[in-house]
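In what follows, a structure is listed as structure tokens, so that the remarks can point back to it.
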Amino acid sequence: MRDVVVVGAGKIGATIADLLGGSGDYRVIVADRSDVQLAGIRKSATVSTQTIDIADAAALNRLLAGRFAVLSAAPYDLTTRIAEAAAPLGVHYLDLTEDVASTKRVKELAVDAKAALIPQCGLAPGFISIVAADLARDFDTLDSLKLRVGALPQYPSNALGYNLTWSTDGIINEYCEPCEAIANGEHVLVPALEEREEFSLDGVTYEAFNTSGGLGTLCETLAGKVRTLNYRTIRYPGHCTLMKVLLQDLRLADRRDVLKDIFENALPSTLQDVVIVFVTVSGRKGGRLVQETYAHKIYSGLVDGVTRSAIQITTAAGICTVLDLLAGGTLPQSGFVRQEDITLQAFLANRFGKVYARAQDHGDMPATETSRAA
């Protein structure tokens with residue numbers, strides 16, 4: 001049994017606790033400053049809770065000392081505090097952040113760390129980078145690599161075509177911050193909510209547009225190796241235009257607390273969602289220009305008897321898989337670990353990572369297809 005701390009008792013933190021606590025291999029302490037949030041955690045012989053404000057450095061150090069790992073499911077602006085506490089203590093650190101600045105700070109801390117520091121372990125960034133790197137390895141030379149991910153309601157019922165299924169702060173941050181990309185072989189920053197495109201999958205039309213953070217460390221990894229690399233978030237058509245009205249015309253990008261309050265009081269949450277993963281790679285194989293695409297939909301389902309949304313399942317399964325691979329010795333035990341250092345085969349073969357598997361990835365139907373929520 002390995003002792004781990006999960007910081008953040010929200011929807012994702014609760015799902016992580018269920019997965020790890022139910023595995024029989026981890027003792028989990030879920031930490032949060034909110035007793036209300038902690039009351040929603042299902043306690044057991046392997047899952048307990050602790051009230052803590054991570055702004056209290058001494059209390060955070062006491063909580064982490066002697067643990068195998070800490071997993072941050074906290075808001076993106078708090079992740080660096082957790083990493084800064086974990087690194088000197090030799091505690092492995094994993095997070096879910098899409099925030100570029102936070103990841104740069106984690107990389108700095110990892111230079112002389114005695115433990116592994118692994119940011120961006122969720123869906124995007126996270127699994128999407130693992131898929132992209134796996135496809136890219138099969139090419140002699142790369143031309144373009146396009147990553148598209150969306151977490152959408154199955155039954156949209158408002159003009160935005162959107163329900164709250166993830167962190168409100170995280171959504172607003174990725175809609176506002178500059179987006180990394182490679183264009184014509186150059187590492188560039190492009191504005192969020194731009195370069196909108198439409199595509200169809202399974203007879204449904206979607207739009208996709210620039211958002212921040214989804215590429216993780218791929219721009220650095222593939223520098224000088226690809227002409228075009230970009231990440232765009234998938235939504236139903238019309239969403240991007242309305243978000244521009246809110247963020248740019250009404251200038252709510254400068255008043256994020258106001259926009260957060262509006263979202264959380266006007267947009268209902270839902271457990272009936274779908275996660276779309278869509279990656280397209282083009283390049284040369286054996287002298288021929290070819291294209292390969294990875295497309296997959298993952299639906300909400302049951303986790304330890306509780307219905308969880310698709311974004312909860314995929315995000316929690318991502319970080320739990322990376323933790324499992326780390327604990328099993330598959331990943332480096334110290335320093336900075338990138339998502340693209342993880343092979344897709346190892347990820348999908350993992351007990352947690354199997355929720356991402358398509359029928360063609362495994363010999364049987366994946367759990368995501370057999371346990372859809374009604």
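Going by the structure tokens order, chains are called A, B, ..., each with residues numbered from 1, while ligands are numbered from 1 in the order shown.
For Gly335 (chain A), the list of residues within 8 Å, based on only C-alpha atoms and with local chain neighbours fewer than 4 positions off taken out, reads Ala110, Val111, Asp112, Ala113, Lys114, Ala115, Ala116 and Leu117 of chain A.
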Okay, now the selection with N, CA, C and O atoms, as a PDB file, in the first residue's frame?
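Resulting contents of result_24.pdb:
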```
ATOM      1  N   ALA A 110      12.034  20.576 -11.212  1.00  0.00           N
ATOM      2  CA  ALA A 110      12.438  19.191 -11.481  1.00  0.00           C
ATOM      3  C   ALA A 110      13.921  19.039 -11.780  1.00  0.00           C
ATOM      4  O   ALA A 110      14.433  17.918 -11.791  1.00  0.00           O
ATOM      5  N   VAL A 111      14.618  20.145 -12.011  1.00  0.00           N
ATOM      6  CA  VAL A 111      16.020  20.075 -12.435  1.00  0.00           C
ATOM      7  C   VAL A 111      16.859  19.262 -11.463  1.00  0.00           C
ATOM      8  O   VAL A 111      17.650  18.402 -11.868  1.00  0.00           O
ATOM      9  N   ASP A 112      16.702  19.500 -10.175  1.00  0.00           N
ATOM     10  CA  ASP A 112      17.495  18.763  -9.190  1.00  0.00           C
ATOM     11  C   ASP A 112      16.614  17.996  -8.207  1.00  0.00           C
ATOM     12  O   ASP A 112      17.027  17.686  -7.097  1.00  0.00           O
ATOM     13  N   ALA A 113      15.391  17.682  -8.629  1.00  0.00           N
ATOM     14  CA  ALA A 113      14.456  16.971  -7.743  1.00  0.00           C
ATOM     15  C   ALA A 113      14.835  15.497  -7.623  1.00  0.00           C
ATOM     16  O   ALA A 113      15.263  14.862  -8.592  1.00  0.00           O
ATOM     17  N   LYS A 114      14.647  14.945  -6.423  1.00  0.00           N
ATOM     18  CA  LYS A 114      14.916  13.525  -6.185  1.00  0.00           C
ATOM     19  C   LYS A 114      13.685  12.665  -6.445  1.00  0.00           C
ATOM     20  O   LYS A 114      13.762  11.441  -6.367  1.00  0.00           O
ATOM     21  N   ALA A 115      12.581  13.316  -6.743  1.00  0.00           N
ATOM     22  CA  ALA A 115      11.345  12.606  -7.078  1.00  0.00           C
ATOM     23  C   ALA A 115      10.936  12.988  -8.495  1.00  0.00           C
ATOM     24  O   ALA A 115      11.496  13.899  -9.104  1.00  0.00           O
ATOM     25  N   ALA A 116       9.949  12.299  -9.030  1.00  0.00           N
ATOM     26  CA  ALA A 116       9.437  12.606 -10.366  1.00  0.00           C
ATOM     27  C   ALA A 116       8.397  13.713 -10.272  1.00  0.00           C
ATOM     28  O   ALA A 116       7.515  13.669  -9.411  1.00  0.00           O
ATOM     29  N   LEU A 117       8.499  14.681 -11.149  1.00  0.00           N
ATOM     30  CA  LEU A 117       7.512  15.751 -11.262  1.00  0.00           C
ATOM     31  C   LEU A 117       6.854  15.617 -12.635  1.00  0.00           C
ATOM     32  O   LEU A 117       7.515  15.780 -13.662  1.00  0.00           O
TER      33      LEU A 117
END
```
Non-local contacts of region 166-171 of chain A (8 Å; only C-alpha atoms; under 2 positions in same chain excluded) as a PyMOL selection string: chain A and resi 11-12+75-76+98+164+173-175+260+263-264+311-312
Within 6 Å of region 129-143 of chain A using only C-alpha atoms, minus same-chain residues under 2 positions, as an MDAnalysis selection string: chainID A and resid 126:127 226:227 282:285 339:340 344
Spatial neighbours of Val70 (chain A), max dist 6 Å, only C-alpha atoms, sep filter under 3 positions, as a ChimeraX atom specification: /A:4-6,93
Near-Thr315 (chain A) list (8 Å; only C-alpha atoms; drop same-chain fewer than 5 positions) as a list of chain:residue names: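 Once the adjacent positions are removed, what remains is A:Ile12, A:Leu96, A:Cys121, A:Gly122, A:Leu123.
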May I have the selected residues written with all heavy atoms, as a PDB file, in the first residue's frame?
```pdb
ATOM      1  N   ILE A  12     -13.291  15.988  -9.875  1.00  0.00           N
ATOM      2  CA  ILE A  12     -12.177  15.172 -10.341  1.00  0.00           C
ATOM      3  C   ILE A  12     -11.468  14.515  -9.152  1.00  0.00           C
ATOM      4  O   ILE A  12     -11.138  13.333  -9.200  1.00  0.00           O
ATOM      5  CB  ILE A  12     -11.179  16.010 -11.168  1.00  0.00           C
ATOM      6  CG1 ILE A  12     -11.900  16.706 -12.324  1.00  0.00           C
ATOM      7  CG2 ILE A  12     -10.048  15.132 -11.668  1.00  0.00           C
ATOM      8  CD1 ILE A  12     -12.570  15.768 -13.304  1.00  0.00           C
ATOM      9  N   LEU A  96      -2.876  18.117 -13.106  1.00  0.00           N
ATOM     10  CA  LEU A  96      -3.788  18.090 -14.244  1.00  0.00           C
ATOM     11  C   LEU A  96      -3.805  19.409 -15.000  1.00  0.00           C
ATOM     12  O   LEU A  96      -4.636  19.607 -15.881  1.00  0.00           O
ATOM     13  CB  LEU A  96      -5.216  17.777 -13.759  1.00  0.00           C
ATOM     14  CG  LEU A  96      -5.404  16.454 -13.026  1.00  0.00           C
ATOM     15  CD1 LEU A  96      -6.749  16.433 -12.296  1.00  0.00           C
ATOM     16  CD2 LEU A  96      -5.302  15.292 -13.993  1.00  0.00           C
ATOM     17  N   CYS A 121      -1.332  15.565 -16.484  1.00  0.00           N
ATOM     18  CA  CYS A 121      -1.635  14.134 -16.546  1.00  0.00           C
ATOM     19  C   CYS A 121      -3.098  13.816 -16.832  1.00  0.00           C
ATOM     20  O   CYS A 121      -3.553  12.698 -16.560  1.00  0.00           O
ATOM     21  CB  CYS A 121      -1.249  13.460 -15.227  1.00  0.00           C
ATOM     22  SG  CYS A 121       0.484  13.540 -14.796  1.00  0.00           S
ATOM     23  N   GLY A 122      -3.849  14.764 -17.360  1.00  0.00           N
ATOM     24  CA  GLY A 122      -5.269  14.525 -17.567  1.00  0.00           C
ATOM     25  C   GLY A 122      -5.589  14.100 -18.990  1.00  0.00           C
ATOM     26  O   GLY A 122      -4.963  13.217 -19.564  1.00  0.00           O
ATOM     27  N   LEU A 123      -6.595  14.760 -19.557  1.00  0.00           N
ATOM     28  CA  LEU A 123      -7.048  14.455 -20.911  1.00  0.00           C
ATOM     29  C   LEU A 123      -6.301  15.299 -21.939  1.00  0.00           C
ATOM     30  O   LEU A 123      -5.678  14.779 -22.864  1.00  0.00           O
ATOM     31  CB  LEU A 123      -8.561  14.692 -21.005  1.00  0.00           C
ATOM     32  CG  LEU A 123      -9.194  14.701 -22.400  1.00  0.00           C
ATOM     33  CD1 LEU A 123      -9.041  13.334 -23.064  1.00  0.00           C
ATOM     34  CD2 LEU A 123     -10.667  15.104 -22.315  1.00  0.00           C
TER      35      LEU A 123
END
```
Residue set, region 105-300 of chain A restricted to strand (DSSP E), as a PyMOL selection string: chain A and resi 116-118+141-153+179-183+186-190+197-201+204-210+228-235+273-285+288-299
Spatial neighbours of Pro237 (chain A), max dist 10 Å, only C-alpha atoms, sep filter under 3 positions, as a list in words: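 Residues meeting the cut-off are Ala159, Leu160, Gly161, Arg196, Glu197, Glu198, Phe199, Thr205, Tyr206, Glu207, Ala208, Ile234, Cys240 and Thr241 of chain A.
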Taking only region 193-245 of chain A into account, list the residues labelled alpha helix (DSSP H) by DSSP (computed from the backbone), as a CSV table (one decimal) with N, CA and C atoms, in the first residue's frame.
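This is the output file selection_4.csv:
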```csv
chain,number,residue,atom,x,y,z
A,218,LEU,N,4.6,19.4,-26.2
A,218,LEU,CA,4.8,18.9,-27.5
A,218,LEU,C,5.6,19.9,-28.4
A,219,CYS,N,5.3,21.2,-28.2
A,219,CYS,CA,6.0,22.2,-29.0
A,219,CYS,C,7.6,22.1,-28.8
A,220,GLU,N,7.9,21.8,-27.6
A,220,GLU,CA,9.4,21.7,-27.3
A,220,GLU,C,9.9,20.3,-27.8
A,221,THR,N,9.1,19.3,-27.6
A,221,THR,CA,9.5,18.0,-28.0
A,221,THR,C,9.7,17.8,-29.5
A,239,HIS,N,-20.7,28.2,-30.4
A,239,HIS,CA,-20.1,28.4,-29.0
A,239,HIS,C,-19.0,29.5,-29.1
A,240,CYS,N,-18.1,29.4,-30.1
A,240,CYS,CA,-17.0,30.3,-30.1
A,240,CYS,C,-17.4,31.7,-30.3
A,241,THR,N,-18.4,32.0,-31.2
A,241,THR,CA,-18.9,33.4,-31.4
A,241,THR,C,-19.4,34.0,-30.1
A,242,LEU,N,-20.2,33.2,-29.4
A,242,LEU,CA,-20.8,33.7,-28.1
A,242,LEU,C,-19.8,33.9,-27.1
A,243,MET,N,-18.7,33.1,-27.0
A,243,MET,CA,-17.7,33.3,-26.0
A,243,MET,C,-16.9,34.6,-26.4
A,244,LYS,N,-16.7,34.9,-27.6
A,244,LYS,CA,-16.1,36.1,-28.0
A,244,LYS,C,-16.9,37.3,-27.6
```
Among listed residues A:Thr233, A:Thr228, A:Ser48, A:Thr270, nearest Thr165 (chain A) (using only C-alpha atoms):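 Under the stated criterion, the closest residue is A:Thr270.
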Contacts of Ala295 (chain A) within 10 Å, only C-alpha atoms, excl. fewer than 5 positions in-chain, as a list in words: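 In the requested format, the answer is Arg148, Val149, Leu201, Ile276, Val277, Phe278, Val279, Thr280 and Arg358 of chain A.
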Separation of CA of Ser44 (chain A) from CA of Leu19 (chain A) in Å: 12.3 Å
Counting only C-alpha atoms, the option among A:Leu63, A:Leu325, A:Asn163, A:Glu84 closest to Asn265 (chain A):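 The answer is A:Asn163, which sits nearest to Asn265 (chain A).
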